[in-house]
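Structure first, commentary second.
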Amino acid sequence: MKKFFIGLVLDLIIAFPLGINFGKDVPLFSNPFAAKPDITERVKERTDEMLKETKEAIHDATKPTTDKLQK
């Protein structure tokens with residue numbers, strides 16, 4: 001039981017900072033307590049990319065029907 005709790009404590013000490021870095025989308029072994037990157041800029045960039053991809057997918061999906069209607 002003693003080994004279990006020692007392992008649990010060591011795992012928490014190692015996994016907690018790695019989890020913070022994973023959540024911030026930064027390299028895993030960087031400082032988890034450093035100034036965090038601007039998340040709003042990342043969200044804006046990803047949202048713009050997602051909107052462009054969605055528009056292209058919708059355009060590609062509706063292209064056959066628009067071609068039939070134009071004929």
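Numbering starts fresh at 1 for the residues of each chain in the structure tokens, the chains themselves are lettered A, B, ... in the order given, and ligands are numbered from 1 as they appear.
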What parts of chain A does DSSP call helix (DSSP H, G or I)? I'd like the answer as number ranges by chain.
A: 2-24, 39-70
Identify which of the residues A:Leu51, A:Ile39, A:Met1, A:Ile6 lies closest to A:Val26, counting only C-alpha atoms when measuring atom-to-atom distances.
A:Ile39
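Residue neighbourhood of A:Asn31, excluding near-sequence residues (fewer than 4 positions): A:Pro17, A:Leu18, A:Ile20, A:Asn21, A:Val26, A:Pro27, A:Ala35, A:Lys36, at 10 Å, using only C-alpha atoms.
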List as a PyMOL selection string the protein and nucleic acid residues near A:Ile14, meaning an atom at most 12 Å away when only C-alpha atoms are counted, but skip any in the same chain fewer than 6 places from it.
chain A and resi 7-8+20-21+28-29+32
Distance atom CA of A:Lys24-atom CA of A:Glu41, one decimal place?
12.9 Å
Would you work out the distance separating atom CA of A:Lys52 from atom CA of A:Thr66, expressed in Å to one decimal?
19.9 Å
